[in-house]
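Shown next: final-v9.tsv, containing TSV, C-alpha atoms.
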chain	number	residue	atom	x	y	z
A	1317	MET	CA	0.00	0.00	0.00
A	1318	THR	CA	1.48	3.31	-1.05
A	1319	THR	CA	1.37	5.93	1.70
A	1320	ALA	CA	1.18	9.66	1.08
A	1321	LEU	CA	4.79	10.01	2.27
A	1322	GLU	CA	6.01	7.43	-0.24
A	1323	SER	CA	4.05	9.16	-2.97
A	1324	ASP	CA	5.60	12.53	-2.06
A	1325	ALA	CA	9.03	10.92	-1.98
A	1326	GLU	CA	8.54	9.45	-5.45
A	1327	LEU	CA	7.43	12.81	-6.82
A	1328	ALA	CA	10.41	14.54	-5.19
A	1329	THR	CA	12.82	11.93	-6.56
A	1330	ASP	CA	11.37	12.33	-10.04
A	1331	ALA	CA	11.71	16.10	-9.71
A	1332	ALA	CA	15.31	15.74	-8.54
A	1333	LEU	CA	16.16	13.58	-11.56
A	1334	GLU	CA	14.27	15.76	-14.02
A	1335	SER	CA	15.85	18.93	-12.68
A	1336	ARG	CA	19.28	17.94	-13.95
A	1337	HIS	CA	18.03	17.94	-17.51
A	1338	HIS	CA	16.40	21.35	-17.64
A	1339	HIS	CA	19.18	23.60	-16.38
A	1340	PRO	CA	19.92	26.44	-18.79
A	1341	SER	CA	23.00	26.31	-21.01
A	1342	ASP	CA	26.03	28.58	-20.46
A	1343	LEU	CA	24.77	30.92	-23.20
A	1344	GLU	CA	21.36	31.12	-21.53
A	1345	TYR	CA	23.04	31.96	-18.20
A	1346	ILE	CA	24.94	34.80	-19.90
A	1347	LEU	CA	21.73	36.13	-21.44
A	1348	ILE	CA	19.99	35.99	-18.04
A	1349	ALA	CA	22.90	37.90	-16.46
A	1350	LEU	CA	22.69	40.46	-19.27
A	1351	ALA	CA	18.97	40.92	-18.58
A	1352	LEU	CA	19.75	41.43	-14.88
A	1353	ALA	CA	22.40	44.02	-15.74
A	1354	VAL	CA	19.95	45.87	-18.01
A	1355	MET	CA	17.32	45.85	-15.24
A	1356	THR	CA	19.88	47.31	-12.80
A	1357	ALA	CA	20.68	50.05	-15.33
A	1358	VAL	CA	16.95	50.78	-15.69
A	1359	GLU	CA	16.62	50.99	-11.89
A	1360	VAL	CA	19.44	53.53	-11.68
A	1361	GLY	CA	17.95	55.46	-14.62
A	1362	ILE	CA	14.55	55.61	-12.88
A	1363	TYR	CA	16.26	56.83	-9.68
A	1364	TYR	CA	17.64	59.84	-11.57
A	1365	LEU	CA	14.46	60.55	-13.53
A	1366	HIS	CA	11.65	60.80	-10.99
A	1367	SER	CA	10.93	60.50	-7.31
A	1368	ASP	CA	7.26	59.80	-6.65
A	1369	SER	CA	5.15	56.91	-5.38
A	1370	LEU	CA	4.91	55.39	-8.87
A	1371	THR	CA	8.73	55.32	-9.07
A	1372	ILE	CA	8.87	53.38	-5.80
A	1373	VAL	CA	6.36	50.82	-7.11
A	1374	VAL	CA	8.34	50.35	-10.35
A	1375	LEU	CA	11.63	50.02	-8.41
A	1376	LEU	CA	10.08	47.42	-6.10
A	1377	MET	CA	8.68	45.49	-9.07
A	1378	LEU	CA	12.09	45.45	-10.78
A	1379	MET	CA	13.68	44.33	-7.52
A	1380	ALA	CA	11.16	41.46	-7.18
A	1381	LEU	CA	11.76	40.45	-10.81
A	1382	LYS	CA	15.56	40.39	-10.38
A	1383	PHE	CA	15.16	38.44	-7.13
A	1384	SER	CA	12.89	35.86	-8.82
A	1385	ILE	CA	15.23	35.45	-11.80
A	1386	VAL	CA	18.30	34.79	-9.62
A	1387	VAL	CA	16.40	32.39	-7.33
A	1388	GLY	CA	14.63	30.62	-10.19
A	1389	PHE	CA	17.45	30.28	-12.72
A	1390	PHE	CA	20.82	30.73	-10.96
A	1391	MET	CA	19.75	28.88	-7.78
A	1392	HIS	CA	17.78	26.37	-9.93
A	1393	LEU	CA	14.73	26.60	-7.68
A	1394	ARG	CA	12.55	26.68	-10.79
A	1395	PHE	CA	13.87	23.26	-11.81
A	1396	ASP	CA	14.53	21.69	-8.41
A	1397	SER	CA	12.33	19.67	-6.09
A	1398	PRO	CA	9.15	21.33	-4.75
A	1399	VAL	CA	10.36	20.39	-1.25
A	1400	LEU	CA	13.22	22.92	-1.56
A	1401	ARG	CA	10.85	25.54	-2.94
A	1402	ARG	CA	8.60	25.11	0.10
A	1403	LEU	CA	11.57	25.44	2.47
A	1404	PHE	CA	12.82	28.70	0.98
A	1405	VAL	CA	9.48	30.28	0.12
A	1406	GLY	CA	8.28	29.33	3.62
A	1407	GLY	CA	11.13	31.30	5.21
A	1408	LEU	CA	10.61	34.16	2.80
A	1409	MET	CA	6.86	34.35	3.43
A	1410	LEU	CA	7.35	34.13	7.19
A	1411	ALA	CA	9.91	36.96	7.09
A	1412	GLY	CA	7.68	39.04	4.80
A	1413	THR	CA	4.62	38.58	7.01
A	1414	VAL	CA	6.39	39.17	10.34
A	1415	TYR	CA	8.23	42.30	9.23
A	1416	THR	CA	5.25	43.75	7.35
A	1417	ILE	CA	3.29	43.49	10.60
A	1418	VAL	CA	6.21	45.04	12.55
A	1419	LEU	CA	6.55	47.94	10.09
A	1420	PHE	CA	2.78	48.47	10.08
A	1421	ILE	CA	2.57	48.57	13.90
A	1422	PHE	CA	5.57	50.86	14.32
A	1423	GLY	CA	4.50	53.02	11.42
A	1424	ILE	CA	1.02	53.45	12.83
A	1425	TYR	CA	2.06	54.22	16.39
A	1426	HIS	CA	5.30	56.13	15.60
A	1427	VAL	CA	7.25	54.29	18.32
B	1120	MET	CA	11.73	9.38	11.41
B	1121	ALA	CA	13.60	6.21	10.57
B	1122	ASP	CA	12.44	6.30	6.97
B	1123	ILE	CA	13.98	9.73	6.32
B	1124	GLU	CA	17.33	8.14	5.49
B	1125	ALA	CA	15.78	5.09	3.84
B	1126	THR	CA	16.97	4.26	0.36
B	1127	VAL	CA	14.31	4.88	-2.27
B	1128	GLU	CA	13.79	1.76	-4.31
B	1129	PRO	CA	12.75	2.62	-7.86
B	1130	THR	CA	9.23	1.47	-8.65
B	1131	PRO	CA	8.66	-0.42	-11.92
B	1132	GLY	CA	8.93	2.03	-14.79
B	1133	GLN	CA	10.69	4.64	-12.66
B	1134	GLU	CA	14.09	5.74	-13.97
B	1135	THR	CA	17.19	5.42	-11.82
B	1136	PRO	CA	20.01	7.99	-11.61
B	1137	GLN	CA	22.19	5.58	-13.58
B	1138	ALA	CA	19.63	5.61	-16.39
B	1139	HIS	CA	20.21	9.35	-16.73
B	1140	GLY	CA	23.94	8.89	-17.07
B	1141	HIS	CA	24.81	10.20	-13.59
B	1142	ALA	CA	26.95	8.31	-11.14
B	1143	PRO	CA	25.06	7.13	-8.06
B	1144	ASP	CA	25.66	9.42	-5.12
B	1145	GLU	CA	25.39	8.08	-1.56
B	1146	SER	CA	24.30	11.48	-0.27
B	1147	HIS	CA	21.11	11.29	-2.35
B	1148	ALA	CA	19.89	8.09	-0.71
B	1149	THR	CA	17.11	9.85	1.16
B	1150	SER	CA	13.34	9.50	0.99
B	1151	THR	CA	13.09	12.80	-0.89
B	1152	GLY	CA	15.88	12.13	-3.40
B	1153	ILE	CA	17.58	15.33	-2.21
B	1154	SER	CA	20.82	15.19	-0.25
B	1155	ASN	CA	20.68	16.25	3.39
B	1156	ALA	CA	23.40	18.85	2.79
B	1157	LYS	CA	21.39	20.57	0.05
B	1158	MET	CA	18.21	20.42	2.10
B	1159	ALA	CA	20.10	21.90	5.08
B	1160	MET	CA	21.48	24.74	2.95
B	1161	TRP	CA	18.00	25.67	1.69
B	1162	ALA	CA	16.64	25.54	5.27
B	1163	PHE	CA	19.56	27.76	6.36
B	1164	LEU	CA	18.83	30.23	3.56
B	1165	GLY	CA	15.15	30.26	4.55
B	1166	SER	CA	16.20	31.21	8.09
B	1167	GLU	CA	18.61	33.84	6.76
B	1168	CYS	CA	15.60	35.57	5.19
B	1169	LEU	CA	14.43	36.28	8.75
B	1170	LEU	CA	17.85	37.66	9.78
B	1171	PHE	CA	18.13	40.05	6.84
B	1172	GLY	CA	14.40	40.83	7.05
B	1173	ALA	CA	14.99	42.08	10.61
B	1174	LEU	CA	17.97	44.22	9.56
B	1175	ILE	CA	16.20	45.71	6.53
B	1176	SER	CA	13.06	46.43	8.57
B	1177	THR	CA	15.18	48.15	11.23
B	1178	TYR	CA	16.74	50.39	8.57
B	1179	ILE	CA	13.30	51.21	7.11
B	1180	LEU	CA	12.00	52.09	10.58
B	1181	TYR	CA	14.92	54.36	11.42
B	1182	ARG	CA	15.66	55.92	8.01
B	1183	HIS	CA	13.79	59.17	8.78
B	1184	LYS	CA	14.25	59.23	12.55
B	1185	SER	CA	17.64	60.98	12.73
B	1186	VAL	CA	17.81	64.28	14.59
B	1187	SER	CA	21.43	65.02	13.62
B	1188	GLY	CA	23.30	64.62	10.34
B	1189	PRO	CA	24.76	63.56	8.11
B	1190	THR	CA	22.42	60.71	7.14
B	1191	PRO	CA	23.33	57.99	4.62
B	1192	HIS	CA	21.04	59.49	1.96
B	1193	GLN	CA	23.05	62.74	2.01
B	1194	LEU	CA	26.27	60.82	1.33
B	1195	TYR	CA	25.32	58.02	-1.08
B	1196	ASP	CA	27.35	57.78	-4.26
B	1197	ILE	CA	24.77	56.02	-6.47
B	1198	PRO	CA	26.99	55.60	-9.59
B	1199	PHE	CA	29.68	53.94	-7.45
B	1200	THR	CA	27.19	51.63	-5.67
B	1201	SER	CA	25.58	50.79	-9.04
B	1202	VAL	CA	28.95	49.54	-10.31
B	1203	SER	CA	29.36	47.49	-7.09
B	1204	SER	CA	25.89	45.99	-7.64
B	1205	PHE	CA	26.79	45.13	-11.23
B	1206	VAL	CA	30.01	43.45	-10.04
B	1207	LEU	CA	28.09	41.30	-7.53
B	1208	LEU	CA	25.49	40.37	-10.16
B	1209	MET	CA	28.25	39.25	-12.51
B	1210	SER	CA	29.79	37.18	-9.72
B	1211	SER	CA	26.52	35.23	-9.63
B	1212	LEU	CA	26.98	34.53	-13.34
B	1213	SER	CA	30.53	33.24	-12.84
B	1214	MET	CA	29.33	31.12	-9.90
B	1215	VAL	CA	26.60	29.45	-11.93
B	1216	LEU	CA	29.12	28.85	-14.75
B	1217	ALA	CA	31.40	27.16	-12.18
B	1218	VAL	CA	28.54	24.84	-11.18
B	1219	ALA	CA	27.81	24.06	-14.84
B	1220	ALA	CA	31.53	23.37	-15.48
B	1221	ILE	CA	31.89	20.78	-12.68
B	1222	GLN	CA	28.59	19.15	-13.66
B	1223	ARG	CA	30.21	18.59	-17.08
B	1224	GLY	CA	33.38	17.33	-15.35
B	1225	ASP	CA	35.49	20.31	-16.48
B	1226	GLU	CA	37.66	20.88	-13.40
B	1227	ARG	CA	39.94	23.47	-15.02
B	1228	ARG	CA	37.01	25.76	-15.91
B	1229	LEU	CA	35.57	25.15	-12.45
B	1230	ARG	CA	38.70	26.69	-10.92
B	1231	VAL	CA	38.71	29.56	-13.43
B	1232	TRP	CA	35.07	30.47	-12.65
B	1233	LEU	CA	35.47	30.00	-8.89
B	1234	GLY	CA	38.53	32.28	-9.03
B	1235	THR	CA	36.58	34.84	-11.06
B	1236	THR	CA	33.72	34.74	-8.53
B	1237	ALA	CA	36.11	35.19	-5.58
B	1238	MET	CA	37.82	38.08	-7.40
B	1239	LEU	CA	34.52	39.83	-8.17
B	1240	GLY	CA	33.42	39.30	-4.56
B	1241	SER	CA	36.68	40.85	-3.38
B	1242	VAL	CA	36.13	43.86	-5.66
B	1243	PHE	CA	32.68	44.28	-4.11
B	1244	ILE	CA	34.12	44.12	-0.57
B	1245	ALA	CA	36.89	46.57	-1.51
B	1246	GLY	CA	34.16	48.92	-2.77
B	1247	GLN	CA	32.26	48.57	0.49
B	1248	ILE	CA	35.39	49.33	2.53
B	1249	TYR	CA	36.01	52.42	0.36
B	1250	GLU	CA	32.39	53.52	0.83
B	1251	PHE	CA	32.50	53.06	4.62
B	1252	THR	CA	35.84	54.92	4.84
B	1253	SER	CA	34.47	57.75	2.72
B	1254	PHE	CA	31.34	58.04	4.90
B	1255	ILE	CA	33.38	58.06	8.13
B	1256	ARG	CA	35.69	60.78	6.73
B	1257	ARG	CA	32.61	62.87	5.94
B	1258	GLY	CA	31.37	62.55	9.52
B	1259	MET	CA	28.96	59.61	9.44
B	1260	THR	CA	30.06	56.91	11.86
B	1261	ILE	CA	27.98	54.06	13.27
B	1262	LYS	CA	27.23	56.26	16.33
B	1263	THR	CA	26.30	59.46	14.47
B	1264	ASN	CA	22.55	58.79	14.39
B	1265	VAL	CA	20.05	55.88	14.36
B	1266	THR	CA	19.88	55.82	10.55
B	1267	SER	CA	23.65	55.51	10.18
B	1268	GLY	CA	23.71	52.80	12.86
B	1269	ALA	CA	21.04	50.77	11.05
B	1270	PHE	CA	22.82	51.35	7.71
B	1271	TYR	CA	26.23	50.14	8.92
B	1272	VAL	CA	24.78	47.10	10.71
B	1273	LEU	CA	22.75	46.04	7.65
B	1274	THR	CA	25.43	46.56	4.99
B	1275	GLY	CA	28.16	45.34	7.38
B	1276	PHE	CA	26.32	42.07	8.01
B	1277	HIS	CA	25.95	41.62	4.26
B	1278	GLY	CA	29.66	42.34	3.78
B	1279	VAL	CA	30.54	39.70	6.37
B	1280	HIS	CA	28.40	37.19	4.46
B	1281	VAL	CA	30.20	38.03	1.20
B	1282	THR	CA	33.58	37.68	2.96
B	1283	ILE	CA	32.60	34.23	4.30
B	1284	GLY	CA	31.56	33.34	0.75
B	1285	ILE	CA	34.97	34.40	-0.61
B	1286	ILE	CA	36.75	32.25	2.00
B	1287	MET	CA	34.48	29.35	1.01
B	1288	LEU	CA	35.32	29.84	-2.69
B	1289	LEU	CA	39.07	29.99	-2.04
B	1290	SER	CA	38.82	26.79	0.02
B	1291	LEU	CA	36.97	25.10	-2.85
B	1292	ILE	CA	39.67	26.18	-5.34
B	1293	ASN	CA	42.28	24.71	-2.99
B	1294	LEU	CA	40.35	21.42	-2.75
B	1295	SER	CA	39.88	21.32	-6.52
B	1296	VAL	CA	43.60	21.88	-7.15
B	1297	ARG	CA	44.28	18.88	-4.92
B	1298	GLY	CA	41.82	16.83	-6.99
B	1299	LYS	CA	39.28	16.46	-4.20
B	1300	ILE	CA	36.28	17.80	-6.14
B	1301	PRO	CA	35.62	15.41	-9.02
B	1302	GLN	CA	32.43	15.50	-11.09
B	1303	SER	CA	30.74	13.06	-8.69
B	1304	LYS	CA	31.03	15.70	-5.95
B	1305	ALA	CA	29.58	18.54	-8.04
B	1306	GLU	CA	26.91	19.09	-5.44
B	1307	ILE	CA	29.49	20.65	-3.08
B	1308	ILE	CA	29.93	23.46	-5.61
B	1309	GLU	CA	26.17	23.71	-6.14
B	1310	ILE	CA	25.61	24.15	-2.38
B	1311	ALA	CA	28.34	26.80	-2.12
B	1312	GLY	CA	26.71	28.45	-5.14
B	1313	LEU	CA	23.36	28.59	-3.35
B	1314	TYR	CA	24.99	30.56	-0.54
B	1315	TRP	CA	26.71	32.90	-2.98
B	1316	HIS	CA	23.52	33.59	-4.95
B	1317	PHE	CA	21.72	34.25	-1.68
B	1318	VAL	CA	24.12	37.07	-0.76
B	1319	ASP	CA	23.48	38.42	-4.25
B	1320	ILE	CA	19.68	38.43	-3.85
B	1321	VAL	CA	20.03	40.11	-0.45
B	1322	TRP	CA	22.07	42.86	-2.14
B	1323	ILE	CA	19.39	43.20	-4.85
B	1324	ILE	CA	16.96	44.11	-2.04
B	1325	ILE	CA	19.43	46.34	-0.16
B	1326	PHE	CA	20.38	48.25	-3.32
B	1327	THR	CA	16.75	49.10	-4.09
B	1328	VAL	CA	15.33	49.59	-0.58
B	1329	VAL	CA	18.33	51.30	1.04
B	1330	TYR	CA	20.01	53.17	-1.83
B	1331	LEU	CA	17.46	53.85	-4.57
B	1332	ILE	CA	14.16	54.45	-2.76
B	1333	PRO	CA	14.27	58.00	-1.39

Will you turn the file into structure tokens for me?
Amino acid sequence: MTTALESDAELATDAALESRHHHPSDLEYILIALALAVMTAVEVGIYYLHSDSLTIVVLLMLMALKFSIVVGFFMHLRFDSPVLRRLFVGGLMLAGTVYTIVLFIFGIYHV
Amino acid sequence: MADIEATVEPTPGQETPQAHGHAPDESHATSTGISNAKMAMWAFLGSECLLFGALISTYILYRHKSVSGPTPHQLYDIPFTSVSSFVLLMSSLSMVLAVAAIQRGDERRLRVWLGTTAMLGSVFIAGQIYEFTSFIRRGMTIKTNVTSGAFYVLTGFHGVHVTIGIIMLLSLINLSVRGKIPQSKAEIIEIAGLYWHFVDIVWIIIFTVVYLIP
């Protein structure tokens, strides 16, 4: 009888094996790095152009995009086992939630 | 808990690592198919999110709370920091190329890319030392105001992480020269790479939140 744990383990093993075959090539890594460099240049350009709330939103979006690209492609999280994704995203979500609450509370009460 | 380390027997029709042309690796004999070392590194990185989250939040809280100057925003040299950010981004590229090289069994290129990554990391750290020295000369020390304190602690902690990464890379080059990192142990490089990319993604956040957002 196959338990849920065994089923999860089989899926994770399959993912671990599959992951090795979908890593980008060296040329693709260089293109990804080039895209990251261009995004950094755009960020700096935006910094010098304007300074309003829309600018902050665009800068944060670019930051999130660069973050996702490095985690997904360079750290291979996009291709690796879902178990690893849960570990990292779990920590990230916990940090995001805790510190958003902290900033909200301190921001509201001006402590 | 006993089944965590249990060897996964392939079910009928399921492919084995050997079928994919990879040498069997003892460290992968876990119920998840992922080595404990790699799992531990990802768990460590997940916990590091909380550490850097605390430091970044502290900076955000204190950024406009200074009653005496100068504050970091009055002293930032954005073109200089942009070049530093570019250097660290490119070090992530050389790191991932090092991982790809050892996965192909190319030990010479592994050492070249690891050396390049360590060099780029050192350039970044040299830039940070220059920046800190420049700020201190212009009157902003860690004790000047709460904003400067939060800034130095945050960027200093990141710098320490990069320095540890450089030491790790140099140790790996040393091991590789002595022939102790063959293709079958490529995962060691992959795990070191995860750490290096993590310090890069932390800088991506610091660069935007601390330097670019007014």

List as a PDB file with C-alpha atoms, in the frame of the given file the protein and nucleic acid residues near Met1158 in chain B, meaning an atom at most 9 Å away when all atoms listed in the file are counted, but skip any in the same chain fewer than 6 places from it.
ATOM      1  CA  VAL A1399      10.360  20.390  -1.250  1.00  0.00           C
ATOM      2  CA  LEU A1400      13.220  22.920  -1.560  1.00  0.00           C
ATOM      3  CA  LEU A1403      11.570  25.440   2.470  1.00  0.00           C
TER       4      LEU A1403
END

Residues of chain B that approach chain A to 7 Å or less, counting all atoms listed in the file: could you list each one with the shortest pair of atoms and its distance in Å to one decimal, rows by chain and increasing residue number, as a Markdown table?
| residue | atom | partner | partner_atom | distance |
| --- | --- | --- | --- | --- |
| B:Pro1136 | CA | A:Leu1333 | CA | 6.8 |
| B:Ser1150 | CA | A:Ala1325 | CA | 5.4 |
| B:Thr1151 | CA | A:Ala1325 | CA | 4.6 |
| B:Gly1152 | CA | A:Thr1329 | CA | 4.4 |
| B:Ile1153 | CA | A:Ala1332 | CA | 6.7 |
| B:Met1158 | CA | A:Leu1400 | CA | 6.7 |
| B:Trp1161 | CA | A:Phe1404 | CA | 6.0 |
| B:Ala1162 | CA | A:Leu1403 | CA | 5.8 |
| B:Leu1164 | CA | A:Phe1404 | CA | 6.7 |
| B:Gly1165 | CA | A:Gly1407 | CA | 4.2 |
| B:Ser1166 | CA | A:Gly1407 | CA | 5.8 |
| B:Cys1168 | CA | A:Leu1408 | CA | 5.7 |
| B:Leu1169 | CA | A:Ala1411 | CA | 4.9 |
| B:Gly1172 | CA | A:Ala1411 | CA | 5.9 |
| B:Ala1173 | CA | A:Tyr1415 | CA | 6.9 |
| B:Ser1176 | CA | A:Tyr1415 | CA | 6.4 |
| B:Leu1180 | CA | A:Leu1419 | CA | 6.9 |
| B:Phe1205 | CA | A:Ala1353 | CA | 6.4 |
| B:Met1209 | CA | A:Ala1349 | CA | 6.8 |
| B:Leu1212 | CA | A:Ala1349 | CA | 6.1 |
| B:Val1215 | CA | A:Phe1390 | CA | 6.0 |
| B:Leu1216 | CA | A:Asp1342 | CA | 6.5 |
| B:Leu1313 | CA | A:Met1391 | CA | 5.7 |
| B:His1316 | CA | A:Met1391 | CA | 6.7 |
| B:Ile1320 | CA | A:Phe1383 | CA | 5.6 |
| B:Ile1323 | CA | A:Met1379 | CA | 6.4 |
| B:Ile1324 | CA | A:Met1379 | CA | 6.4 |
| B:Thr1327 | CA | A:Met1379 | CA | 6.6 |
| B:Leu1331 | CA | A:Tyr1363 | CA | 6.0 |
| B:Ile1332 | CA | A:Ile1372 | CA | 6.2 |

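As for CA of Tyr1178 in chain B and CA of Val1206 in chain B, they are spaced 23.9 Å apart.
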
Interatomic distance between CA of Val1281 in chain B and CA of Gly1388 in chain A?
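One can read the CA of Val1281 in chain B to CA of Gly1388 in chain A distance as 20.7 Å.
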
Can you measure CA of Val1358 in chain A to CA of Ser1253 in chain B for me? One decimal in Å is fine.
26.4 Å

Just the residues within 10 Å of Gly1268 in chain B, please, counting only C-alpha atoms, with nothing from its chain fewer than 6 positions along; format it as a PyMOL selection string.
chain B and resi 1177-1178+1181-1182+1190-1191+1259-1262

Have a look at B:Ala1156, B:Leu1208, B:Val1202, B:Ile1300 and name the one nearest to Trp1322 in chain B; count all atoms listed in the file.
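Of B:Ala1156, B:Leu1208, B:Val1202, B:Ile1300, the one nearest Trp1322 in chain B is B:Leu1208, counting all atoms listed in the file.
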
Mind checking which residues fall within 9 Å of Val1242 in chain B, counting all atoms listed in the file, ignoring those fewer than 5 positions away in the same chain, and posting them as number ranges by chain?
B: 1203, 1206-1207, 1237, 1247

Find the residue from A:Glu1344, A:Met1355, A:His1338, A:Leu1365 that sits nearest to Met1377 in chain A; use all atoms listed in the file when measuring.
A:Met1355
